[in-house]
$ cat upload-v8.txt   # compact mmCIF, C-alpha atoms
# COMPACT_ATOMS: atom_id res chain seq x y z
CA MET J 787 118.95 232.18 120.05
CA ARG J 788 117.93 233.49 123.43
CA LYS J 789 120.76 233.16 125.85
CA PHE J 790 119.85 231.07 128.87
CA VAL J 791 121.27 232.66 132.00
CA PRO J 792 119.12 231.93 135.07
CA GLY J 793 120.65 234.85 136.88
CA ARG J 794 123.67 234.17 139.01
CA ILE J 795 122.28 236.21 141.86
CA TYR J 796 119.16 234.07 141.98
CA PHE J 797 121.34 231.04 141.68
CA PHE J 798 123.42 231.89 144.75
CA LEU J 799 120.40 233.06 146.75
CA SER J 800 118.57 229.82 146.09
CA GLY J 801 121.54 227.87 147.39
CA VAL J 802 121.85 230.03 150.52
CA MET J 803 118.13 229.63 151.16
CA LEU J 804 118.50 225.86 151.01
CA LEU J 805 121.40 226.04 153.45
CA CYS J 806 119.21 227.92 155.94
CA LEU J 807 116.36 225.45 155.56
CA SER J 808 118.73 222.64 156.48
CA CYS J 809 119.41 224.13 159.92
CA ALA J 810 116.28 222.80 161.63
CA PRO J 811 116.64 222.18 165.37
CA GLN J 812 116.38 218.61 166.64
CA THR J 813 114.41 217.44 169.66
CA CYS J 814 113.69 214.03 171.15
CA TYR J 815 109.99 213.20 170.92
CA GLU J 816 110.10 209.40 171.15
CA ASN J 817 109.50 207.23 174.17
CA THR J 818 112.90 206.14 175.48
CA ASP J 819 111.86 203.95 178.42
CA ALA J 820 111.43 200.22 177.92
CA MET J 821 109.17 199.05 180.75
CA VAL J 822 107.23 195.96 181.76
CA ASN J 823 103.59 196.84 181.14
CA ALA J 824 101.68 194.90 183.81
CA SER J 825 97.89 194.70 183.65
CA LEU J 826 95.86 194.00 186.78
CA TYR J 827 93.07 191.45 186.48
CA LEU J 828 90.53 190.37 189.07
CA ASN J 829 90.99 186.62 189.33
CA SER J 830 87.36 185.88 190.17
CA SER J 831 85.96 187.55 187.05
CA GLY J 832 89.03 187.34 184.79
CA LYS J 833 88.47 190.97 183.82
CA LEU J 834 90.72 194.00 183.94
CA LYS J 835 90.02 195.77 187.23
CA ALA J 836 91.79 198.45 189.20
CA PRO J 837 92.40 197.62 192.88
CA ASP J 838 91.10 199.99 195.56
CA SER J 839 94.67 200.88 196.43
CA LEU J 840 97.92 200.18 194.65
CA THR J 841 101.49 200.88 195.75
CA VAL J 842 104.57 199.80 193.75
CA TYR J 843 108.26 200.25 194.50
CA GLY J 844 111.54 198.45 193.97
CA VAL J 845 113.06 196.40 196.74
CA ASN J 846 115.25 198.66 198.89
CA MET J 847 113.66 201.69 197.18
CA GLU J 848 110.76 202.22 199.57
CA THR J 849 111.46 205.93 199.79
CA ASN J 850 111.07 206.29 196.03
CA LYS J 851 107.75 204.74 195.12
CA LEU J 852 106.64 204.32 191.52
CA VAL J 853 102.99 204.35 192.53
CA ASP J 854 101.77 205.26 196.01
CA LYS J 855 98.28 204.32 197.24
CA ILE J 856 96.70 205.18 193.94
CA LYS J 857 93.19 204.26 192.83
CA GLY J 858 91.80 203.47 189.40
CA VAL J 859 95.02 202.11 187.90
CA THR J 860 94.71 198.98 185.76
CA VAL J 861 98.14 199.08 184.11
CA VAL J 862 101.42 199.75 185.87
CA ASN J 863 104.73 200.31 184.04
CA LEU J 864 107.74 198.72 185.70
CA PRO J 865 111.23 199.84 184.55
CA LEU J 866 113.93 197.19 184.80
CA ASP J 867 117.46 197.77 186.07
CA ALA J 868 119.71 197.55 182.99
CA ALA J 869 122.81 197.38 185.19
CA ALA J 870 121.63 194.06 186.64
CA THR J 871 120.17 190.83 185.30
CA SER J 872 117.29 190.77 187.75
CA CYS J 873 115.24 193.13 189.86
CA THR J 874 112.40 192.79 192.33
CA TYR J 875 109.33 194.92 192.89
CA VAL J 876 107.05 195.14 195.86
CA ILE J 877 103.40 195.38 194.82
CA ARG J 878 100.93 196.32 197.52
CA ILE J 879 97.39 195.59 196.39
CA ASN J 880 94.69 196.69 198.80
CA ASP J 881 97.31 196.95 201.59
CA ILE J 882 98.66 193.44 201.12
CA ASN J 883 102.28 193.15 199.99
CA ASP J 884 103.61 190.83 197.31
CA THR J 885 106.95 190.73 195.48
CA ILE J 886 107.66 190.01 191.83
CA ARG J 887 111.17 189.14 190.64
CA PHE J 888 112.10 189.61 187.00
CA VAL J 889 115.13 187.88 185.43
CA TYR J 890 116.13 189.22 182.04
CA ASP J 891 118.77 189.97 179.43
CA SER J 892 119.41 193.56 178.38
CA SER J 893 120.67 194.89 175.07
CA PRO J 894 121.21 198.44 173.80
CA HIS J 895 118.78 199.88 171.29
CA LEU J 896 119.08 203.09 169.30
CA VAL J 897 115.91 205.14 169.68
CA SER J 898 117.00 207.98 167.40
CA LYS J 899 119.82 210.42 166.92
CA GLU J 900 117.95 212.98 168.96
CA CYS J 901 117.06 210.64 171.84
CA GLY J 902 120.09 208.38 171.92
CA TYR J 903 120.09 204.84 173.26
CA THR J 904 117.95 202.86 175.62
CA PHE J 905 117.96 199.25 176.78
CA TYR J 906 115.58 196.61 175.56
CA HIS J 907 115.08 193.55 177.73
CA ASN J 908 114.03 189.99 177.24
CA LEU J 909 112.48 188.08 180.13
CA VAL J 910 114.17 184.74 180.68
CA PRO J 911 111.53 182.03 180.13
CA ASP J 912 109.96 180.55 183.29
CA SER J 913 112.08 182.79 185.49
CA LEU J 914 109.32 185.04 186.84
CA THR J 915 108.86 184.41 190.56
CA TYR J 916 106.37 186.05 192.92
CA THR J 917 104.72 185.69 196.28
CA LYS J 918 101.03 184.83 196.54
CA HIS J 919 99.65 186.85 199.43
CA LYS J 920 97.24 188.82 197.31
CA ILE J 921 98.41 187.81 193.85
CA VAL J 922 96.85 184.58 192.60
CA SER J 923 98.92 184.13 189.45
CA ILE J 924 100.96 185.99 186.83
CA SER J 925 101.11 185.16 183.13
CA VAL J 926 103.61 186.48 180.62
CA SER J 927 101.94 187.89 177.50
CA LYS J 928 105.07 189.20 175.79
CA SER J 929 108.57 188.54 177.04
CA SER J 930 110.34 191.22 174.98
CA ILE J 931 110.33 194.51 176.84
CA THR J 932 110.51 197.45 174.45
CA THR J 933 109.33 201.04 174.23
CA THR J 934 106.08 199.99 172.56
CA ASN J 935 102.97 200.20 174.69
CA GLU J 936 102.15 196.47 174.68
CA GLU J 937 101.04 194.33 177.59
CA ASN J 938 103.88 192.16 178.92
CA ILE J 939 102.39 190.45 181.98
CA ARG J 940 98.98 189.92 183.53
CA ILE J 941 98.70 190.00 187.31
CA TYR J 942 95.63 188.16 188.63
CA TYR J 943 94.65 189.10 192.20
CA MET S 973 131.26 207.01 79.12
CA ARG S 974 132.42 210.29 80.60
CA ARG S 975 129.21 211.91 79.47
CA ILE S 976 127.17 209.21 81.14
CA TYR S 977 128.96 209.85 84.46
CA ALA S 978 128.48 213.57 84.05
CA TYR S 979 124.80 213.02 83.37
CA ILE S 980 124.35 210.76 86.45
CA ILE S 981 126.14 213.27 88.68
CA SER S 982 124.12 216.16 87.35
CA VAL S 983 120.89 214.21 87.86
CA LEU S 984 121.84 213.35 91.44
CA PHE S 985 122.89 216.93 92.13
CA THR S 986 119.63 218.22 90.75
CA HIS S 987 117.67 215.66 92.77
CA PHE S 988 119.31 216.47 96.10
CA SER S 989 119.23 220.19 95.46
CA MET S 990 115.50 219.86 94.97
CA ILE S 991 114.76 217.82 98.10
CA SER S 992 117.17 219.60 100.41
CA PRO S 993 114.68 222.35 101.33
CA LEU S 994 112.29 219.65 102.52
CA VAL S 995 114.78 218.21 105.04
CA ALA S 996 116.00 221.56 106.34
CA GLN S 997 116.50 221.42 110.08
CA ASP S 998 118.17 223.45 112.84
CA THR S 999 121.15 221.89 114.47
CA ILE S 1000 123.66 223.04 117.01
CA ASP S 1001 127.08 221.80 117.90
CA PHE S 1002 126.79 220.41 121.39
CA PRO S 1003 129.98 219.78 123.38
CA LEU S 1004 130.13 216.54 125.33
CA LYS S 1005 132.24 216.94 128.42
CA LEU S 1006 134.17 214.98 130.92
CA LYS S 1007 133.56 216.59 134.30
CA ILE S 1008 135.57 216.44 137.47
CA GLY S 1009 133.92 217.96 140.51
CA LEU S 1010 134.52 218.65 144.14
CA GLU S 1011 131.92 219.13 146.85
CA VAL S 1012 132.87 222.39 148.54
CA SER S 1013 130.53 222.72 151.51
CA GLY S 1014 132.07 219.76 153.38
CA PRO S 1015 135.52 221.30 153.94
CA VAL S 1016 133.91 224.71 154.66
CA GLU S 1017 131.60 223.14 157.22
CA TYR S 1018 134.58 221.43 158.84
CA TYR S 1019 136.09 224.81 159.70
CA THR S 1020 133.00 225.73 161.67
CA ASN S 1021 132.22 222.27 163.04
CA LYS S 1022 135.19 219.99 163.67
CA ASN S 1023 132.88 217.07 164.41
CA ILE S 1024 132.16 216.32 160.78
CA LEU S 1025 134.62 216.07 157.94
CA LYS S 1026 133.06 215.33 154.56
CA THR S 1027 135.02 215.21 151.35
CA GLU S 1028 133.53 214.13 148.07
CA GLY S 1029 134.47 214.27 144.43
CA PHE S 1030 133.00 212.97 141.22
CA ILE S 1031 133.90 212.18 137.67
CA SER S 1032 131.27 212.10 134.98
CA ALA S 1033 131.01 211.82 131.23
CA ASP S 1034 128.24 213.08 128.97
CA LEU S 1035 126.67 210.29 126.96
CA ASP S 1036 124.68 212.75 124.88
CA GLU S 1037 123.11 216.16 125.36
CA LYS S 1038 120.73 214.84 128.02
CA ARG S 1039 122.41 211.99 129.87
CA THR S 1040 125.55 211.93 131.96
CA VAL S 1041 126.98 208.89 133.65
CA ILE S 1042 128.52 209.70 137.02
CA LEU S 1043 130.71 208.09 139.63
CA SER S 1044 131.38 209.84 142.92
CA ALA S 1045 133.40 208.85 145.92
CA GLY S 1046 134.01 210.36 149.31
CA PHE S 1047 135.23 210.03 152.84
CA VAL S 1048 133.44 210.99 156.04
CA ASN S 1049 134.69 211.23 159.59
CA TYR S 1050 131.71 211.92 161.83
CA LYS S 1051 131.62 212.56 165.57
CA TYR S 1052 128.52 213.35 167.52
CA SER S 1053 128.05 213.99 171.18
CA GLN S 1054 125.11 214.94 173.31
CA TYR S 1055 124.20 214.71 176.99
CA ASN S 1056 123.51 210.96 176.95
CA TYR S 1057 125.86 209.48 174.33
CA ASP S 1058 128.91 209.85 172.10
CA TYR S 1059 129.05 208.44 168.61
CA LEU S 1060 131.81 207.97 166.02
CA ASN S 1061 131.55 206.92 162.41
CA LYS S 1062 134.21 206.85 159.75
CA GLY S 1063 134.26 205.43 156.25
CA TYR S 1064 134.07 205.69 152.49
CA PHE S 1065 131.30 205.68 149.98
CA LEU S 1066 130.68 205.35 146.26
CA ARG S 1067 127.73 206.54 144.23
CA THR S 1068 126.99 205.78 140.64
CA GLY S 1069 124.13 206.49 138.30
CA VAL S 1070 122.87 208.70 135.51
CA ASP S 1071 122.06 212.42 135.54
CA PHE S 1072 119.42 213.79 133.19
CA ASN S 1073 119.54 217.37 131.95
CA LEU S 1074 115.99 218.65 131.61
CA LEU S 1075 117.02 221.79 129.73
CA ASN S 1076 116.78 221.60 125.98
CA PRO S 1077 120.13 221.71 124.17
CA GLU S 1078 119.53 225.21 122.80
CA LYS S 1079 119.30 226.52 126.33
CA SER S 1080 121.88 224.34 128.02
CA GLN S 1081 124.53 224.65 125.30
CA GLY S 1082 126.61 222.28 127.40
CA ARG S 1083 127.08 225.10 129.91
CA TYR S 1084 123.91 224.99 132.00
CA TRP S 1085 122.40 222.02 133.70
CA ALA S 1086 119.09 221.76 135.49
CA GLY S 1087 117.89 218.28 136.02
CA ILE S 1088 117.86 215.22 138.19
CA GLY S 1089 120.20 212.34 138.86
CA PHE S 1090 119.34 208.83 139.96
CA HIS S 1091 122.10 207.08 141.85
CA TYR S 1092 122.87 203.94 143.79
CA GLY S 1093 125.14 204.35 146.80
CA LEU S 1094 127.37 201.97 148.66
CA SER S 1095 129.07 202.81 151.92
CA ARG S 1096 131.75 201.02 153.93
CA PHE S 1097 132.13 202.33 157.44
CA THR S 1098 133.04 201.61 161.03
CA SER S 1099 130.94 202.94 163.86
CA GLU S 1100 131.36 203.04 167.60
CA THR S 1101 129.49 204.34 170.60
CA PRO S 1102 132.24 204.98 173.16
CA SER S 1103 129.71 205.80 175.85
CA PHE S 1104 126.04 206.15 176.45
CA SER S 1105 123.89 206.37 179.52
CA GLN S 1106 120.29 205.84 180.39
CA ASP S 1107 118.40 207.15 183.38
CA ASN S 1108 115.41 205.40 184.84
CA TYR S 1109 113.82 204.50 188.17
CA TRP S 1110 116.80 202.36 189.18
CA GLY S 1111 119.36 205.04 188.47
CA THR S 1112 121.82 205.73 185.66
CA THR S 1113 123.21 202.89 183.61
CA ALA S 1114 126.32 203.60 181.55
CA SER S 1115 127.56 201.39 178.77
CA SER S 1116 129.27 201.42 175.38
CA ILE S 1117 129.06 199.70 172.01
CA PRO S 1118 132.37 198.55 170.53
CA THR S 1119 133.61 199.32 167.01
CA ARG S 1120 131.92 197.40 164.24
CA SER S 1121 132.22 197.49 160.44
CA SER S 1122 129.26 197.54 158.09
CA TRP S 1123 128.19 198.00 154.48
CA GLY S 1124 125.34 200.42 153.82
CA HIS S 1125 123.26 200.61 150.65
CA PHE S 1126 120.96 203.39 149.50
CA LEU S 1127 119.29 204.99 146.49
CA GLU S 1128 119.08 208.68 145.81
CA ALA S 1129 117.36 211.15 143.53
CA THR S 1130 119.29 214.38 143.12
CA PRO S 1131 117.62 217.38 141.56
CA GLY S 1132 119.85 220.41 141.14
CA ILE S 1133 121.35 223.02 138.90
CA LYS S 1134 124.82 223.81 137.59
CA THR S 1135 125.99 226.82 135.66
CA GLU S 1136 129.25 227.72 133.98
CA ILE S 1137 130.85 230.76 135.61
CA PHE S 1138 134.11 230.73 133.69
CA LYS S 1139 135.14 228.83 130.62
CA ASN S 1140 134.95 225.15 131.55
CA VAL S 1141 134.38 225.88 135.25
CA SER S 1142 130.92 225.38 136.73
CA ILE S 1143 129.31 225.77 140.10
CA GLY S 1144 126.06 224.26 141.26
CA TRP S 1145 124.02 222.81 144.03
CA ALA S 1146 121.89 219.73 144.39
CA ILE S 1147 119.46 218.32 146.90
CA SER S 1148 119.95 214.63 147.57
CA LEU S 1149 116.80 212.73 148.53
CA ARG S 1150 117.87 209.32 149.77
CA ILE S 1151 116.12 206.09 150.60
CA LEU S 1152 117.88 203.64 152.86
CA LEU S 1153 118.03 200.09 151.54
CA TYR S 1154 120.19 198.41 154.16
CA THR S 1155 122.50 199.59 156.91
CA GLY S 1156 124.34 196.32 157.32
CA THR S 1157 123.77 196.42 161.06
CA ALA S 1158 121.34 194.87 163.51
CA LYS S 1159 117.98 196.61 163.67
CA ASP S 1160 118.57 197.75 167.25
CA LEU S 1161 121.92 199.34 166.45
CA ARG S 1162 121.35 201.22 163.24
CA PRO S 1163 124.13 203.72 162.56
CA ILE S 1164 123.19 207.23 163.62
CA TYR S 1165 125.05 208.53 160.60
CA PHE S 1166 126.91 206.80 157.83
CA PRO S 1167 129.04 208.04 154.95
CA GLY S 1168 127.25 208.99 151.76
CA TYR S 1169 123.78 208.56 153.25
CA GLY S 1170 123.61 210.84 156.26
CA SER S 1171 121.33 210.18 159.19
CA GLY S 1172 121.11 206.38 159.29
CA GLY S 1173 118.51 206.33 162.03
CA LYS S 1174 115.86 207.24 159.45
CA LYS S 1175 114.53 205.53 156.35
CA THR S 1176 115.02 208.67 154.29
CA SER S 1177 117.54 211.47 154.41
CA THR S 1178 118.11 214.74 152.61
CA GLU S 1179 121.29 216.66 152.09
CA ILE S 1180 122.37 219.71 150.15
CA SER S 1181 125.66 219.71 148.31
CA TYR S 1182 127.53 222.49 146.53
CA TRP S 1183 129.75 221.63 143.60
CA LEU S 1184 132.72 223.16 141.85
CA THR S 1185 133.28 221.42 138.53
CA TRP S 1186 135.98 221.43 135.92
CA ASN S 1187 134.63 220.58 132.48
CA ILE S 1188 136.79 219.02 129.78
CA PRO S 1189 135.16 218.97 126.34
CA PHE S 1190 136.07 215.76 124.54
CA LYS S 1191 133.69 215.57 121.60
CA LYS S 1192 131.15 217.63 119.73
CA ILE S 1193 127.92 216.25 118.47
CA MET S 1194 125.33 217.83 116.24
CA VAL S 1195 122.01 218.03 117.96
CA ILE S 1196 118.86 218.62 115.98
CA THR S 1197 116.91 221.36 117.68
CA ARG S 1198 114.13 221.58 115.11
CA LYS S 1199 112.70 218.67 113.19
CA PRO S 1200 112.61 218.77 109.42
CA ALA S 1201 109.42 219.97 107.86
CA PRO S 1202 107.12 217.11 106.93
CA GLU S 1203 106.56 216.62 103.23
CA GLU S 1204 103.59 218.65 102.18
CA SER S 1205 100.56 216.77 100.99
CA ASP S 1206 99.14 217.41 97.57
CA ASP S 1207 95.96 219.01 98.83
CA SER S 1208 97.62 221.15 101.50
CA GLY S 1209 98.84 224.52 100.54
CA ASP S 1210 100.28 225.36 103.95
CA ASN S 1211 103.77 224.07 104.63
CA GLY S 1212 104.84 226.68 107.14
CA SER S 1213 102.85 225.77 110.25
CA ALA S 1214 104.22 222.23 110.64
CA ALA S 1215 107.77 223.40 110.12
CA SER S 1216 107.45 225.77 113.04
CA GLN S 1217 106.94 222.96 115.61
CA PRO S 1218 110.10 222.84 117.73
CA ALA S 1219 111.56 219.52 118.78
CA THR S 1220 114.88 218.03 119.61
CA GLY S 1221 116.78 215.04 118.39
CA ILE S 1222 120.31 213.91 117.87
CA ARG S 1223 122.46 213.22 114.87
CA GLN S 1224 126.02 212.16 115.46
$ encode --input "upload-v8.txt" --output "structure tokens"
Amino acid sequence: MRKFVPGRIYFFLSGVMLLCLSCAPQTCYENTDAMVNASLYLNSSGKLKAPDSLTVYGVNMETNKLVDKIKGVTVVNLPLDAAATSCTYVIRINDINDTIRFVYDSSPHLVSKECGYTFYHNLVPDSLTYTKHKIVSISVSKSSITTTNEENIRIYY
Amino acid sequence: MRRIYAYIISVLFTHFSMISPLVAQDTIDFPLKLKIGLEVSGPVEYYTNKNILKTEGFISADLDEKRTVILSAGFVNYKYSQYNYDYLNKGYFLRTGVDFNLLNPEKSQGRYWAGIGFHYGLSRFTSETPSFSQDNYWGTTASSIPTRSSWGHFLEATPGIKTEIFKNVSIGWAISLRILLYTGTAKDLRPIYFPGYGSGGKKTSTEISYWLTWNIPFKKIMVITRKPAPEESDDSGDNGSAASQPATGIRQ
């Protein structure tokens, strides 16, 4: 009978090779920011339309604008303050200021081992308040604010 | 009366001595073993990386020359830290299932194993995120997730090889390919790592393990390694070609 010895050298080398293959570096590739995705609609036509000029910043954060006099933007992403239960944004559409106040709950969410945790939010029903200088109305499409790229509110102006 | 008995015995003897060449078959004595093993890479890894302590052992028993029933248990103490969070997980796990040796008995001889195991795993663990932080437009928010206990369930397929290096002592390695069934936690707070499974943030995980095994033979079985030659037909003059077909079977 032929003796079956796979070769101990090959045996050990195969194991060492596997050990090396297991040392792959890890990097965060996922989106870790849960933001309110707000679409801008022209109220008269009911269609998605970018304003001629758009500026967005948080209240008391005028020096750090999210968007500053930008053209051609139909969707703006608004991060919420996880350390608070509400936050307010100033939205300047065609040089006319409005404010939008979000009230929400926050809960931690694991993105991945590589990326760590983020906060998901849930808008409290009927809590969205806003001024109506340029904005005509706002509707909530999806109240759960996650890292997926889904529309959360529609701003009609 | 004595002559009648003698006649019957002689007839039977003659009969079996005539048919015995037709049922000739190759057999080998195959040792069934009780095996006790220890995973050796966990303690070695702990000396280089104090953030993960893995200990695991198993006990298994050969059912026959192909199948082995196995039960393994282990303990894991896992710590992970990176720039935006710290994570702790500690707990125990059990795995049970059947290993199949794909080598034929002539080659394995009870000393070599190359095959695959199919196991179910159960894990009991506590996890905690002492701190994590998130940066966004509004600044940095720091928080923590308190300790919670969970049961995790998973399935695994484990191809690998083992070879005897000394009498009744084997070494080997195996790749564990695991599918997560349930982490026992809320979807948003899946464990980053849990005992027995590995990276709990993913639906599948892979891990390599290295085994040192002590084998205790407890029984020998006779395994047929070559089937008996089929009875030759009247019109066939060739009875050698069929007899040369190798096959395996078992006779206890």
$ axis_aligned_box --input "upload-v8.txt" --around "segment 1017-1021 of chain S" --padding-each-side "3 Å" --output "JSON"
{"center_x": 133.8, "center_y": 223.6, "center_z": 160.1, "size_x": 10.5, "size_y": 10.3, "size_z": 11.8}
$ closest_residue --input "upload-v8.txt" --among "S:Thr1119, S:Thr1113, S:Ser1181, S:Asn1073" --to "chain J" --atoms "all atoms listed in the file"
S:Thr1113
$ closest_residue --input "upload-v8.txt" --among "S:Glu1028, S:Asp998, S:Asp1071, S:Asp1036" --to "chain J" --atoms "all atoms listed in the file"
S:Asp998
$ residues_around --input "upload-v8.txt" --residues "segment 877-891 of chain J" --least-positions-apart "3" --cutoff "9 Å" --atoms "only C-alpha atoms" --output "MDAnalysis selection string"
chainID J and resid 837:845 855 866 868 870:874 906:911 913:921 943
$ atom_distance --input "upload-v8.txt" --atom1 "atom CA of Leu1060 of chain S" --atom2 "atom CA of Ser893 of chain J"
19.4 Å
$ atom_distance --input "upload-v8.txt" --atom1 "atom CA of Ser1105 of chain S" --atom2 "atom CA of Thr813 of chain J"
17.6 Å
$ atom_distance --input "upload-v8.txt" --atom1 "atom CA of Trp1085 of chain S" --atom2 "atom CA of Ile1151 of chain S"
24.1 Å
$ interface_residues --input "upload-v8.txt" --of "chain S" --to "chain J" --cutoff "7 Å" --atoms "all atoms listed in the file" --output "PDB file with C-alpha atoms, in the frame of the given file"
ATOM      1  CA  ASN S1056     123.510 210.960 176.950  1.00  0.00           C
ATOM      2  CA  TYR S1057     125.860 209.480 174.330  1.00  0.00           C
ATOM      3  CA  LYS S1079     119.300 226.520 126.330  1.00  0.00           C
ATOM      4  CA  PHE S1104     126.040 206.150 176.450  1.00  0.00           C
ATOM      5  CA  GLN S1106     120.290 205.840 180.390  1.00  0.00           C
ATOM      6  CA  ASN S1108     115.410 205.400 184.840  1.00  0.00           C
ATOM      7  CA  TYR S1109     113.820 204.500 188.170  1.00  0.00           C
ATOM      8  CA  TRP S1110     116.800 202.360 189.180  1.00  0.00           C
ATOM      9  CA  THR S1113     123.210 202.890 183.610  1.00  0.00           C
ATOM     10  CA  TRP S1145     124.020 222.810 144.030  1.00  0.00           C
ATOM     11  CA  ASP S1160     118.570 197.750 167.250  1.00  0.00           C
ATOM     12  CA  LEU S1161     121.920 199.340 166.450  1.00  0.00           C
ATOM     13  CA  ARG S1162     121.350 201.220 163.240  1.00  0.00           C
ATOM     14  CA  ILE S1164     123.190 207.230 163.620  1.00  0.00           C
ATOM     15  CA  GLY S1173     118.510 206.330 162.030  1.00  0.00           C
TER      16      GLY S1173
END
$ residues_near_point --input "upload-v8.txt" --point "(97.9, 194.7, 184.8)" --cutoff "6 Å" --atoms "all atoms listed in the file" --output "list in words"
Ala824, Ser825, Leu826, Thr860, Val861, Arg940 and Ile941 of chain J
$ write_last_selection --input "upload-v8.txt" --atoms "C-alpha atoms" --output "PDB file, keeping the file's coordinate frame"
ATOM      1  CA  ALA J 824     101.680 194.900 183.810  1.00  0.00           C
ATOM      2  CA  SER J 825      97.890 194.700 183.650  1.00  0.00           C
ATOM      3  CA  LEU J 826      95.860 194.000 186.780  1.00  0.00           C
ATOM      4  CA  THR J 860      94.710 198.980 185.760  1.00  0.00           C
ATOM      5  CA  VAL J 861      98.140 199.080 184.110  1.00  0.00           C
ATOM      6  CA  ARG J 940      98.980 189.920 183.530  1.00  0.00           C
ATOM      7  CA  ILE J 941      98.700 190.000 187.310  1.00  0.00           C
TER       8      ILE J 941
END
$ residues_near_point --input "upload-v8.txt" --point "(138.2, 220.9, 139.2)" --cutoff "9 Å" --atoms "all atoms listed in the file" --output "NGL selection string"
:S and (1007-1010 or 1141-1142 or 1184-1187)
$ residues_around --input "upload-v8.txt" --residues "Thr1176 of chain S" --least-positions-apart "2" --cutoff "10 Å" --atoms "all atoms listed in the file" --output "VMD selection string"
chain S and resid 1126 to 1128 1149 to 1153 1169 to 1174 1178
$ closest_residue --input "upload-v8.txt" --among "J:Leu834, J:Val822, J:Leu828, J:Val862" --to "Ser930 of chain J" --atoms "only C-alpha atoms"
J:Val822
$ residues_around --input "upload-v8.txt" --residues "Asp1001 of chain S" --least-positions-apart "4" --cutoff "9 Å" --atoms "only C-alpha atoms" --output "VMD selection string"
chain S and resid 1081 1192 to 1195
$ closest_residue --input "upload-v8.txt" --among "S:Ser1032, S:Thr999, S:Ser1177, S:Asn1023" --to "Tyr1059 of chain S" --atoms "only C-alpha atoms"
S:Asn1023
$ closest_residue --input "upload-v8.txt" --among "J:Lys835, J:Gln812, J:Ser927, J:Glu936" --to "Lys857 of chain J" --atoms "all atoms listed in the file"
J:Lys835
$ closest_residue --input "upload-v8.txt" --among "S:Pro1077, S:Pro1167, S:Gly1089, S:Gly1046" --to "Leu1004 of chain S" --atoms "only C-alpha atoms"
S:Pro1077
$ build_atoms --input "upload-v8.txt" --residues "segment 1152-1162 of chain S" --atoms "N, CA, C and O atoms" --output "CSV table (one decimal), in the coordinates of the input"
chain,number,residue,atom,x,y,z
S,1152,LEU,N,117.0,204.6,152.3
S,1152,LEU,CA,117.9,203.6,152.9
S,1152,LEU,C,117.4,202.3,152.4
S,1152,LEU,O,116.3,201.9,152.5
S,1153,LEU,N,118.4,201.5,151.9
S,1153,LEU,CA,118.0,200.1,151.5
S,1153,LEU,C,118.4,199.2,152.7
S,1153,LEU,O,117.7,198.3,153.1
S,1154,TYR,N,119.7,199.3,153.2
S,1154,TYR,CA,120.2,198.4,154.2
S,1154,TYR,C,121.4,199.1,154.9
S,1154,TYR,O,122.2,199.7,154.2
S,1155,THR,N,121.4,199.0,156.2
S,1155,THR,CA,122.5,199.6,156.9
S,1155,THR,C,123.6,198.6,157.2
S,1155,THR,O,124.7,199.0,157.6
S,1156,GLY,N,123.3,197.3,157.0
S,1156,GLY,CA,124.3,196.3,157.3
S,1156,GLY,C,124.5,196.1,158.8
S,1156,GLY,O,125.5,195.4,159.2
S,1157,THR,N,123.6,196.6,159.6
S,1157,THR,CA,123.8,196.4,161.1
S,1157,THR,C,122.5,195.8,161.6
S,1157,THR,O,121.4,195.8,160.9
S,1158,ALA,N,122.5,195.4,162.9
S,1158,ALA,CA,121.3,194.9,163.5
S,1158,ALA,C,120.3,196.0,163.6
S,1158,ALA,O,120.7,197.2,163.7
S,1159,LYS,N,119.1,195.6,163.7
S,1159,LYS,CA,118.0,196.6,163.7
S,1159,LYS,C,118.1,197.5,164.9
S,1159,LYS,O,117.8,198.7,164.8
S,1160,ASP,N,118.5,197.0,166.0
S,1160,ASP,CA,118.6,197.8,167.2
S,1160,ASP,C,119.7,198.7,167.3
S,1160,ASP,O,119.7,199.7,168.0
S,1161,LEU,N,120.7,198.5,166.4
S,1161,LEU,CA,121.9,199.3,166.4
S,1161,LEU,C,122.2,199.9,165.1
S,1161,LEU,O,123.3,199.8,164.5
S,1162,ARG,N,121.2,200.5,164.5
S,1162,ARG,CA,121.4,201.2,163.2
S,1162,ARG,C,122.4,202.3,163.4
S,1162,ARG,O,122.4,203.0,164.5
